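What follows is the content of protein11.cif (mmCIF, C-alpha atoms).
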data_work
#
loop_
_atom_site.label_atom_id
_atom_site.label_comp_id
_atom_site.auth_asym_id
_atom_site.auth_seq_id
_atom_site.Cartn_x
_atom_site.Cartn_y
_atom_site.Cartn_z
CA MET C 22 -14.97 74.39 -72.86
CA LYS C 23 -12.74 72.09 -70.81
CA HIS C 24 -14.65 69.18 -69.38
CA PHE C 25 -14.01 67.34 -66.13
CA SER C 26 -11.46 64.54 -66.41
CA ASP C 27 -12.49 60.95 -65.65
CA LEU C 28 -10.71 61.21 -62.30
CA GLN C 29 -12.65 64.33 -61.40
CA ILE C 30 -15.93 62.67 -62.37
CA GLN C 31 -14.92 59.67 -60.25
CA GLU C 32 -14.24 61.91 -57.25
CA LEU C 33 -17.56 63.69 -57.66
CA ALA C 34 -19.41 60.40 -58.04
CA SER C 35 -17.84 59.10 -54.82
CA ALA C 36 -18.78 62.25 -52.90
CA ASP C 37 -21.70 62.28 -50.46
CA GLU C 38 -23.40 65.28 -52.07
CA THR C 39 -26.39 64.60 -54.28
CA SER C 40 -26.43 65.56 -57.94
CA ALA C 41 -28.72 68.47 -57.10
CA GLU C 42 -26.22 69.81 -54.59
CA LEU C 43 -23.31 69.31 -56.99
CA SER C 44 -25.20 71.25 -59.67
CA TYR C 45 -23.89 74.35 -57.92
CA VAL C 46 -20.35 73.36 -58.99
CA PRO C 47 -19.80 75.97 -61.70
CA HIS C 48 -18.89 73.72 -64.63
CA LEU C 49 -21.63 71.20 -63.83
CA ALA C 50 -24.20 73.97 -63.86
CA GLU C 51 -23.17 74.83 -67.44
CA CYS C 52 -22.29 71.47 -68.98
CA GLU C 53 -24.93 68.86 -69.71
CA LEU C 54 -22.29 66.41 -70.96
CA CYS C 55 -20.49 66.33 -67.62
CA ARG C 56 -23.79 66.13 -65.72
CA ARG C 57 -24.70 63.04 -67.76
CA ARG C 58 -21.24 61.57 -67.17
CA LEU C 59 -21.59 62.20 -63.44
CA GLU C 60 -25.01 60.58 -63.30
CA ARG C 61 -23.68 57.58 -65.22
CA ALA C 62 -20.73 57.32 -62.81
CA ARG C 63 -23.08 57.49 -59.82
CA HIS C 64 -25.24 54.78 -61.38
CA MET C 65 -22.16 52.55 -61.59
CA GLU C 66 -21.12 53.49 -58.03
CA ARG C 67 -24.49 52.37 -56.69
CA ALA C 68 -24.30 49.11 -58.65
CA LEU C 69 -20.80 48.42 -57.37
CA GLY C 70 -21.97 49.15 -53.86
CA ARG C 71 -24.28 46.15 -54.14
CA LEU C 72 -21.40 43.78 -54.91
CA PRO C 73 -21.75 40.97 -52.38
CA ARG C 74 -19.01 39.54 -50.23
CA LEU C 75 -18.03 35.96 -51.09
CA HIS C 76 -18.31 34.08 -47.82
CA PRO C 77 -15.78 31.49 -46.65
CA PRO C 78 -16.72 28.00 -45.43
CA TYR C 79 -18.20 28.31 -41.94
CA ASP C 80 -15.39 26.25 -40.40
CA LEU C 81 -12.48 28.09 -42.06
CA PRO C 82 -11.68 30.28 -39.02
CA GLN C 83 -11.51 27.21 -36.79
CA ARG C 84 -9.31 25.38 -39.27
CA ILE C 85 -6.96 28.35 -39.40
CA ILE C 86 -6.79 28.55 -35.60
CA ALA C 87 -6.20 24.80 -35.37
CA SER C 88 -3.36 25.03 -37.90
CA LEU C 89 -1.38 27.39 -35.68
CA PRO C 90 1.36 25.84 -33.48
CA ALA C 91 0.10 24.25 -30.24
CA SER C 92 1.16 27.06 -27.94
CA GLY C 93 -1.07 29.46 -29.82
CA VAL C 94 1.51 32.23 -29.70
CA SER C 95 4.35 32.96 -32.09
CA PRO C 96 7.94 32.32 -31.01
CA SER C 97 8.57 36.05 -30.59
CA VAL C 98 5.58 36.40 -28.25
CA ALA C 99 6.58 33.25 -26.34
CA MET C 100 10.07 34.69 -25.94
CA GLY C 101 8.49 37.80 -24.42
CA ALA C 102 6.66 35.67 -21.85
CA LYS C 103 9.88 33.82 -20.96
CA GLN C 104 11.69 37.14 -20.56
CA ALA C 105 8.96 38.22 -18.15
CA TRP C 106 9.69 35.14 -16.05
CA VAL C 107 13.42 35.91 -16.04
CA VAL C 108 12.72 39.50 -14.99
CA GLY C 109 10.46 38.22 -12.24
CA VAL C 110 13.12 35.92 -10.81
CA ALA C 111 15.79 38.63 -11.11
CA SER C 112 13.48 41.10 -9.36
CA PHE C 113 12.96 38.67 -6.49
CA ILE C 114 16.71 38.08 -6.08
CA ALA C 115 17.41 41.82 -6.28
CA ALA C 116 14.75 42.54 -3.63
CA LEU C 117 16.27 39.90 -1.32
CA LEU C 118 19.76 41.34 -1.85
CA ALA C 119 18.43 44.81 -1.10
CA LEU C 120 17.07 43.60 2.23
CA VAL C 121 20.41 41.93 3.05
CA PHE C 122 22.33 45.10 2.22
CA VAL C 123 19.97 47.25 4.28
CA TYR C 124 20.56 44.96 7.26
CA GLN C 125 24.36 45.01 6.67
CA THR C 126 24.38 48.81 6.37
CA ALA C 127 22.45 49.20 9.61
CA PHE C 128 24.84 46.73 11.30
CA ASP C 129 27.89 48.65 10.02
CA PHE C 130 26.43 51.94 11.21
CA GLN C 131 26.06 50.38 14.65
CA SER C 132 29.43 48.64 14.81
CA ASN C 133 31.36 51.72 13.54
CA GLY C 134 29.79 53.88 16.23
CA ALA C 135 28.07 56.22 13.78
CA LEU C 136 24.66 55.63 15.35
CA ASP C 137 26.06 56.31 18.84
CA LEU C 138 27.67 59.53 17.58
CA LEU C 139 24.42 60.67 16.01
CA SER C 140 22.63 59.93 19.26
CA MET C 141 25.19 62.04 21.14
CA TYR C 142 24.82 64.95 18.68
CA THR C 143 21.07 64.79 19.16
CA SER C 144 21.23 64.82 22.95
CA GLN C 145 24.04 67.46 23.06
CA PRO C 146 23.46 69.82 20.12
CA ALA C 147 25.97 72.30 21.56
CA ILE C 148 28.78 70.03 20.25
CA VAL C 149 27.55 70.51 16.70
CA THR C 150 26.96 74.24 17.02
CA THR C 151 30.30 74.86 18.72
CA TYR C 152 32.44 72.59 16.50
CA PRO C 153 30.37 72.06 13.32
CA GLY C 154 33.25 71.12 11.06
CA GLU C 155 34.84 68.66 13.44
CA ALA C 156 31.43 67.15 14.33
CA LEU C 157 30.57 66.61 10.66
CA GLY C 158 34.03 65.30 9.80
CA THR C 159 33.97 62.76 12.60
CA LEU C 160 30.51 61.55 11.57
CA LEU C 161 31.52 61.23 7.92
CA ASN C 162 34.56 59.13 8.89
CA LEU C 163 32.32 56.68 10.71
CA VAL C 164 29.74 56.23 7.88
CA PRO C 165 30.22 52.84 6.15
CA TRP C 166 30.36 54.35 2.67
CA LEU C 167 31.08 51.18 0.75
CA THR C 168 28.15 49.31 2.24
CA LEU C 169 25.89 52.34 1.88
CA CYS C 170 26.73 52.78 -1.84
CA ALA C 171 26.29 49.08 -2.49
CA THR C 172 22.88 49.21 -0.81
CA LEU C 173 21.78 52.17 -2.93
CA ALA C 174 22.99 50.43 -6.11
CA VAL C 175 21.10 47.25 -5.30
CA PHE C 176 17.97 49.28 -4.55
CA LEU C 177 18.30 51.00 -7.92
CA VAL C 178 18.65 47.70 -9.80
CA ALA C 179 15.76 46.18 -7.86
CA GLY C 180 13.61 49.21 -8.65
CA VAL C 181 14.28 48.95 -12.38
CA LEU C 182 13.57 45.21 -12.45
CA ILE C 183 10.42 45.53 -10.37
CA ARG C 184 9.15 48.31 -12.63
CA GLN C 185 9.76 46.08 -15.68
CA LEU C 186 7.94 43.25 -13.94
CA ILE C 187 4.95 45.46 -13.12
CA VAL C 188 4.66 46.46 -16.79
CA SER C 189 4.70 42.80 -17.87
CA LEU C 190 2.21 41.80 -15.17
CA GLY C 191 -0.04 44.63 -16.23
CA SER C 192 -0.23 43.22 -19.76
CA MET C 193 -0.89 39.74 -18.44
CA GLY C 194 -3.49 41.13 -16.03
CA SER C 195 -5.47 42.69 -18.89
CA ARG C 196 -5.37 39.31 -20.63
CA LEU C 197 -6.68 37.53 -17.52
CA LYS C 198 -9.52 40.04 -17.14
CA ALA C 199 -10.57 39.45 -20.73
CA MET W 11 -30.68 43.59 -5.53
CA PHE W 12 -27.40 41.66 -5.42
CA ALA W 13 -28.90 38.85 -7.49
CA VAL W 14 -29.96 41.36 -10.18
CA GLN W 15 -26.49 42.91 -10.24
CA SER W 16 -24.79 39.52 -10.64
CA GLN W 17 -27.14 38.67 -13.49
CA ARG W 18 -26.26 41.93 -15.24
CA ARG W 19 -22.48 41.51 -14.95
CA PRO W 20 -22.01 38.61 -17.44
CA LEU W 21 -23.89 40.58 -20.13
CA VAL W 22 -21.68 43.63 -19.59
CA LEU W 23 -18.57 41.45 -19.62
CA GLN W 24 -19.74 39.73 -22.81
CA GLN W 25 -20.40 43.08 -24.44
CA ALA W 26 -16.94 44.29 -23.44
CA GLN W 27 -15.39 41.16 -24.98
CA VAL W 28 -17.33 41.61 -28.24
CA GLU W 29 -16.23 45.22 -28.56
CA ALA W 30 -12.50 44.70 -27.90
CA SER W 31 -10.62 46.83 -30.40
CA ASP W 32 -8.01 45.47 -32.77
CA ALA W 33 -5.29 47.26 -30.79
CA ASP W 34 -6.53 45.61 -27.57
CA LEU W 35 -6.48 42.20 -29.17
CA VAL W 36 -2.97 42.71 -30.57
CA THR W 37 -1.77 43.89 -27.15
CA ARG W 38 -3.27 40.84 -25.47
CA TYR W 39 -1.78 38.59 -28.14
CA ARG W 40 1.65 40.08 -27.51
CA ALA W 41 1.19 39.42 -23.80
CA GLY W 42 0.82 35.74 -24.67
CA ASP W 43 -2.96 35.30 -25.04
CA PRO W 44 -3.65 32.90 -27.96
CA GLY W 45 -7.39 33.58 -27.65
CA ALA W 46 -6.79 37.14 -28.78
CA PHE W 47 -5.35 36.03 -32.11
CA ALA W 48 -8.19 33.54 -32.53
CA GLU W 49 -10.62 36.46 -32.16
CA LEU W 50 -8.75 38.39 -34.87
CA VAL W 51 -8.99 35.34 -37.14
CA ARG W 52 -12.75 35.13 -36.61
CA ARG W 53 -13.13 38.84 -37.17
CA TYR W 54 -11.24 39.09 -40.47
CA THR W 55 -11.44 35.68 -42.16
CA GLY W 56 -14.42 36.88 -44.19
CA ALA W 57 -12.67 39.97 -45.56
CA VAL W 58 -9.42 38.15 -46.35
CA PHE W 59 -11.19 35.22 -47.99
CA ASN W 60 -13.37 37.55 -50.04
CA LEU W 61 -10.32 39.31 -51.45
CA ASN W 62 -8.45 36.08 -52.11
CA TYR W 63 -11.44 34.49 -53.83
CA ARG W 64 -12.10 37.55 -55.99
CA PHE W 65 -8.45 37.61 -57.01
CA THR W 66 -7.87 33.91 -57.68
CA ALA W 67 -11.42 32.89 -58.71
CA ASP W 68 -10.52 29.55 -57.11
CA ARG W 69 -12.24 28.65 -53.85
CA ALA W 70 -9.70 26.07 -52.67
CA GLU W 71 -6.81 28.38 -53.47
CA ALA W 72 -8.55 31.22 -51.64
CA GLU W 73 -8.84 29.03 -48.52
CA ASN W 74 -5.13 28.17 -48.69
CA LEU W 75 -4.13 31.80 -49.17
CA THR W 76 -6.39 32.88 -46.31
CA GLN W 77 -4.71 30.38 -44.01
CA GLU W 78 -1.27 31.53 -45.16
CA THR W 79 -2.28 35.18 -44.60
CA PHE W 80 -3.09 34.59 -40.97
CA LEU W 81 0.01 32.47 -40.44
CA ARG W 82 2.14 35.36 -41.69
CA ALA W 83 0.21 37.82 -39.54
CA TRP W 84 0.70 35.52 -36.56
CA ASN W 85 4.46 35.88 -36.97
CA ALA W 86 4.47 39.57 -37.90
CA LEU W 87 2.02 41.00 -35.33
CA PRO W 88 4.58 41.33 -32.51
CA ARG W 89 6.38 43.92 -34.65
CA LEU W 90 3.28 45.79 -35.85
CA ALA W 91 2.74 49.38 -34.63
CA LEU W 92 -0.42 49.46 -32.51
CA ASP W 93 -1.73 52.62 -34.14
CA ARG W 94 -1.73 50.98 -37.56
CA PRO W 95 -5.22 49.81 -38.71
CA LEU W 96 -5.27 46.05 -38.79
CA LYS W 97 -7.71 45.35 -41.62
CA PRO W 98 -5.69 47.08 -44.37
CA TYR W 99 -2.56 45.40 -43.00
CA LEU W 100 -4.10 41.93 -43.21
CA LEU W 101 -5.51 42.62 -46.65
CA ARG W 102 -2.08 43.78 -47.76
CA ILE W 103 -0.55 40.48 -46.69
CA ALA W 104 -3.34 38.68 -48.53
CA LEU W 105 -2.87 40.71 -51.69
CA ASN W 106 0.89 40.11 -51.70
CA LEU W 107 0.25 36.38 -51.38
CA CYS W 108 -2.22 36.59 -54.26
CA ARG W 109 0.35 38.36 -56.39
CA ASP W 110 2.95 35.71 -55.60
CA TRP W 111 0.43 33.02 -56.50
CA ALA W 112 -0.37 34.77 -59.78
CA ASP W 113 3.33 35.20 -60.58
CA LYS W 114 3.91 31.50 -60.15
CA LYS W 115 0.86 30.68 -62.20
CA ASN W 116 0.74 33.23 -64.99
CA GLY W 117 3.36 35.93 -64.71
CA ALA W 118 2.84 39.64 -63.90
CA VAL W 119 -0.78 40.73 -63.49
CA VAL W 120 -0.48 44.45 -62.71
CA GLU W 121 -1.66 46.62 -65.58
CA PRO W 122 0.73 49.41 -66.65
CA LEU W 123 -0.43 52.89 -65.73
CA ASP W 124 -1.58 55.31 -68.38
CA ALA W 125 -0.92 58.93 -67.44
CA ASP W 126 -3.50 60.39 -69.81
CA ASP W 127 -6.63 61.29 -67.88
CA GLU W 128 -7.46 64.53 -69.64
CA GLY W 129 -10.63 64.94 -71.64
CA TYR W 130 -13.43 62.53 -72.35
CA GLU W 131 -15.74 61.72 -75.19
CA LEU W 132 -19.11 60.26 -74.38
CA ALA W 133 -19.61 57.04 -76.35
CA SER W 134 -23.17 56.48 -77.47
CA ASP W 135 -22.97 52.81 -76.52
CA GLU W 136 -22.84 53.79 -72.87
CA ASP W 137 -26.51 54.76 -73.12
CA VAL W 138 -27.16 51.02 -72.98
CA LEU W 139 -26.03 50.92 -69.37
CA ASP W 140 -28.18 53.93 -68.55
CA ARG W 141 -31.30 51.98 -69.47
CA LEU W 142 -30.55 49.26 -66.90
CA SER W 143 -31.97 49.61 -63.44
CA GLU W 144 -29.58 49.66 -60.52
CA ALA W 145 -30.37 46.03 -59.68
CA GLU W 146 -29.89 44.92 -63.29
CA LEU W 147 -26.61 46.79 -63.55
CA ALA W 148 -25.47 45.27 -60.25
CA GLN W 149 -26.25 41.82 -61.61
CA GLN W 150 -24.27 42.53 -64.78
CA VAL W 151 -21.35 43.80 -62.68
CA ARG W 152 -21.36 40.59 -60.62
CA ALA W 153 -21.49 38.47 -63.77
CA HIS W 154 -18.62 40.22 -65.56
CA LEU W 155 -16.33 41.21 -62.72
CA GLU W 156 -14.44 37.95 -63.09
CA HIS W 157 -13.39 38.96 -66.60
CA LEU W 158 -11.35 41.86 -65.25
CA PRO W 159 -7.64 41.35 -64.56
CA PRO W 160 -7.13 40.03 -61.02
CA ILE W 161 -5.58 43.23 -59.68
CA TYR W 162 -8.57 45.27 -60.85
CA ARG W 163 -10.95 42.76 -59.30
CA ALA W 164 -8.97 43.18 -56.08
CA VAL W 165 -9.12 46.98 -56.20
CA ILE W 166 -12.88 46.99 -56.76
CA THR W 167 -13.42 44.39 -54.04
CA LEU W 168 -11.35 46.34 -51.54
CA ARG W 169 -13.13 49.60 -52.31
CA TYR W 170 -16.74 48.52 -52.68
CA THR W 171 -17.12 45.27 -50.74
CA GLU W 172 -14.62 45.81 -47.96
CA GLY W 173 -15.31 49.55 -47.81
CA LEU W 174 -11.72 50.72 -47.64
CA SER W 175 -11.12 54.44 -47.98
CA TYR W 176 -8.66 55.76 -50.54
CA ALA W 177 -6.04 56.14 -47.81
CA GLU W 178 -6.58 52.54 -46.64
CA LEU W 179 -6.45 51.37 -50.24
CA ALA W 180 -3.13 53.14 -50.67
CA ASP W 181 -1.85 51.42 -47.53
CA THR W 182 -3.07 47.99 -48.66
CA LEU W 183 -1.76 48.33 -52.20
CA ASP W 184 1.42 50.12 -51.07
CA LEU W 185 0.84 52.78 -53.71
CA PRO W 186 0.51 56.58 -53.68
CA LEU W 187 -3.01 57.95 -53.34
CA ASN W 188 -3.18 59.31 -56.89
CA THR W 189 -2.03 55.97 -58.29
CA VAL W 190 -4.80 54.25 -56.35
CA ARG W 191 -7.35 56.64 -57.84
CA THR W 192 -6.00 55.89 -61.29
CA HIS W 193 -6.16 52.14 -60.73
CA LEU W 194 -9.77 52.47 -59.60
CA ARG W 195 -10.71 54.63 -62.54
CA ARG W 196 -9.12 52.21 -65.00
CA ALA W 197 -10.77 49.24 -63.31
CA LYS W 198 -14.21 50.84 -63.59
CA ALA W 199 -13.55 51.97 -67.16
CA GLN W 200 -12.56 48.45 -68.17
CA LEU W 201 -15.61 47.04 -66.38
CA ARG W 202 -17.82 49.51 -68.19
CA GLU W 203 -16.34 48.42 -71.53
CA LEU W 204 -16.99 44.78 -70.66
CA LEU W 205 -20.59 45.55 -69.75
CA ILE W 206 -21.13 47.40 -73.03
CA VAL W 207 -19.61 44.59 -75.10
CA HIS W 208 -21.75 41.98 -73.31
CA LYS W 209 -24.82 44.18 -73.03
CA PRO W 210 -28.03 42.20 -72.42
#

If you convert what's in this file into structure tokens, what do you get?
Amino acid sequence: MKHFSDLQIQELASADETSAELSYVPHLAECELCRRRLERARHMERALGRLPRLHPPYDLPQRIIASLPASGVSPSVAMGAKQAWVVGVASFIAALLALVFVYQTAFDFQSNGALDLLSMYTSQPAIVTTYPGEALGTLLNLVPWLTLCATLAVFLVAGVLIRQLIVSLGSMGSRLKA
Amino acid sequence: MFAVQSQRRPLVLQQAQVEASDADLVTRYRAGDPGAFAELVRRYTGAVFNLNYRFTADRAEAENLTQETFLRAWNALPRLALDRPLKPYLLRIALNLCRDWADKKNGAVVEPLDADDEGYELASDEDVLDRLSEAELAQQVRAHLEHLPPIYRAVITLRYTEGLSYAELADTLDLPLNTVRTHLRRAKAQLRELLIVHKP
């Protein structure tokens, strides 16, 4: 008869089932030796479970906290906070630039005559329906493309930076709530 | 009604602060909140000190190693994955520091593994332990645990005092699961032999 190994006895002893329940395990039902080994292992498990924790001095946590650098955060975390400030300033500058470009684009639309042309197309739609290609071509020639593309690019950069800032502020906000 | 609500809010807020998870505290720490790390220190100083003291059997050294453990964690936490349990991670740092301390003091302390786990012969001397009550056996375990090699004391402490599962033990010890089981079996076997030799 092949008995349970020590590892198997250890696993059984650590299990939640009682000895009575484990008696239905085929070999245990037949082998008194392994049942005695299991009971002995459980006896030891229960004794080990009563092993007490050795408690530290009551002031050890405070001493540990006090021993940390004055800022209370590691250099890598502090660097993250500084980066958040940089992103914040960059976001503000990008938002201001976006407003400037929007104003410039609107001014260019006006000075090139594109707005006037659009107004004419709106009031006299027959021009567009009769000469669609020429009407569109004329309008496209008057659009200030360079300014328009620059405005879109600045908006994109500002959007990315603001999104990054919102994520950082969200983390700081959860800290403030706590 | 408003007065009652305002009286209730601080208790709810306090309860929410007490129950902040480890992941929440790590997140807040990464956002720059030093109070979050202080809370982690308060939460786990007991477990880390217990392991260090069981390993070194030297109270002053255990305090130093506990402080060093949290200093290392303080630097390493920004890189820690948030889904990783924190207690086994801290205990792993502590155990590595204990091993370094032991290497400087005495040399290697890890027992070699023995692959033979097949078969068993019941020694009659073990009946001696059967006659002890659970409380008496627990007292004998406490008295003779210090005679085990440090790494076995650590394994037993992590499993039975700190309540780590086998998987958490494997993470803390940085060993495969089966190796952890073998370490535990050998630790308990050696403890049993000690108890028999020093039977009351």

Exercise. For each of C:His48, C:Arg58, C:Thr143, C:Ala68, take the minimum atom-to-atom distance to chain W, counting all atoms listed in the file, then give the residue where this is smallest.
Key: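 Closest candidate: C:Ala68.
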
Quiz item: Just how far from atom CA of His208 of chain W is atom CA of Gln150 of chain W, in Å to one decimal?
Solution: 8.9 Å

Quiz item: Quick one: distance from atom CA of Leu35 of chain W to atom CA of Thr55 of chain W in Å, one decimal?
Solution: 15.4 Å

Exercise. Identify every residue of chain W that has at least one atom within 7 Å of any atom of chain C, counting only C-alpha atoms, and report the result as an MDAnalysis selection string.
Key: chainID W and resid 27 38 40:44 48 51:52 55:56 59:60 77 84:85 88 127:130 140 144:145 147:148 152 170:171 195

Quiz item: atom CA of Pro165 of chain C and atom CA of Ala135 of chain C are how many Å apart?
Solution: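 Answer for the atom CA of Pro165 of chain C to atom CA of Ala135 of chain C separation: 8.6 Å.
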
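Distances from C:Phe113, C:Tyr152, C:Trp166, C:Trp106 to Ala127 of chain C were compared using all atoms listed in the file, and the smallest one belongs to C:Trp166.
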
Quiz item: Given the file above and the PyMOL selection byres ((chain W and resi 97) around 12), which residues are selected, and can you give them as a VMD selection string?
Solution: chain W and resid 31 to 33 50 to 51 53 to 58 61 79 to 80 83 94 to 96 98 to 104 168 172 to 175 178 to 179 181 to 182

Self-check item: Neighbour list for Ala67 of chain W as a list of chain:residue names, cut-off 12 Å, only C-alpha atoms, skip fewer than 6 positions in-chain
Solution: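 Contacts, with the query itself left out: C:Leu75, W:Phe59, W:Asn60, W:Leu61, W:Glu73, W:Cys108, W:Ala112, W:Leu155, W:Glu156, W:His157, W:Leu158, W:Pro159, W:Pro160, W:Ile161, W:Arg163, W:Ala164.
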
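Candidate residues W:Leu205, W:Ala180, W:Ala91, W:Leu81 were compared for distance to Gln149 of chain W, and the nearest is W:Leu205, using only C-alpha atoms.
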
Practice problem: Within 12 Å of Leu173 of chain C, counting only C-alpha atoms, which residues show up once you throw out same-chain ones fewer than 3 positions away? Write them as number ranges by chain, please. | Solution: C: 115-116, 118-123, 126, 166-170, 176-180

Quiz item: Which of these, C:Leu160, C:Leu59, C:Leu33, C:Val175, has the shortest distance to Asp137 of chain C once you count only C-alpha atoms?
Solution: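 Smallest separation from Asp137 of chain C among the options: C:Leu160.
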
Quiz item: Skipping near chain neighbours, those fewer than 5 positions away, what residues fall within 12 Å of segment 147-149 of chain C using all atoms listed in the file, listed as a PyMOL selection string?
Solution: chain C and resi 138-142+154-160

Please complete segment 114-128 of chain C so it has N, CA and C atoms, and hand it over as a JSON list (two decimals), in the frame of the given file.
[["chain", "number", "residue", "atom", "x", "y", "z"],
["C", 114, "ILE", "N", 15.34, 38.18, -6.62],
["C", 114, "ILE", "CA", 16.71, 38.08, -6.08],
["C", 114, "ILE", "C", 17.22, 39.46, -5.70],
["C", 115, "ALA", "N", 16.95, 40.46, -6.57],
["C", 115, "ALA", "CA", 17.41, 41.82, -6.28],
["C", 115, "ALA", "C", 16.74, 42.35, -5.02],
["C", 116, "ALA", "N", 15.45, 42.07, -4.83],
["C", 116, "ALA", "CA", 14.75, 42.54, -3.63],
["C", 116, "ALA", "C", 15.33, 41.90, -2.38],
["C", 117, "LEU", "N", 15.65, 40.59, -2.47],
["C", 117, "LEU", "CA", 16.27, 39.90, -1.32],
["C", 117, "LEU", "C", 17.64, 40.50, -0.99],
["C", 118, "LEU", "N", 18.43, 40.74, -2.04],
["C", 118, "LEU", "CA", 19.76, 41.34, -1.85],
["C", 118, "LEU", "C", 19.64, 42.72, -1.22],
["C", 119, "ALA", "N", 18.63, 43.47, -1.65],
["C", 119, "ALA", "CA", 18.43, 44.81, -1.10],
["C", 119, "ALA", "C", 18.17, 44.73, 0.40],
["C", 120, "LEU", "N", 17.35, 43.76, 0.79],
["C", 120, "LEU", "CA", 17.07, 43.60, 2.23],
["C", 120, "LEU", "C", 18.35, 43.23, 3.00],
["C", 121, "VAL", "N", 19.15, 42.34, 2.41],
["C", 121, "VAL", "CA", 20.41, 41.93, 3.05],
["C", 121, "VAL", "C", 21.33, 43.14, 3.20],
["C", 122, "PHE", "N", 21.43, 43.94, 2.16],
["C", 122, "PHE", "CA", 22.33, 45.10, 2.22],
["C", 122, "PHE", "C", 21.83, 46.14, 3.22],
["C", 123, "VAL", "N", 20.51, 46.30, 3.29],
["C", 123, "VAL", "CA", 19.97, 47.25, 4.28],
["C", 123, "VAL", "C", 20.36, 46.80, 5.68],
["C", 124, "TYR", "N", 20.19, 45.49, 5.94],
["C", 124, "TYR", "CA", 20.56, 44.96, 7.26],
["C", 124, "TYR", "C", 22.05, 45.17, 7.52],
["C", 125, "GLN", "N", 22.90, 44.87, 6.52],
["C", 125, "GLN", "CA", 24.36, 45.01, 6.67],
["C", 125, "GLN", "C", 24.74, 46.47, 6.93],
["C", 126, "THR", "N", 24.08, 47.38, 6.20],
["C", 126, "THR", "CA", 24.38, 48.81, 6.37],
["C", 126, "THR", "C", 24.03, 49.25, 7.78],
["C", 127, "ALA", "N", 22.85, 48.83, 8.25],
["C", 127, "ALA", "CA", 22.45, 49.20, 9.61],
["C", 127, "ALA", "C", 23.43, 48.62, 10.63],
["C", 128, "PHE", "N", 23.88, 47.37, 10.40],
["C", 128, "PHE", "CA", 24.84, 46.73, 11.30],
["C", 128, "PHE", "C", 26.16, 47.50, 11.31]]
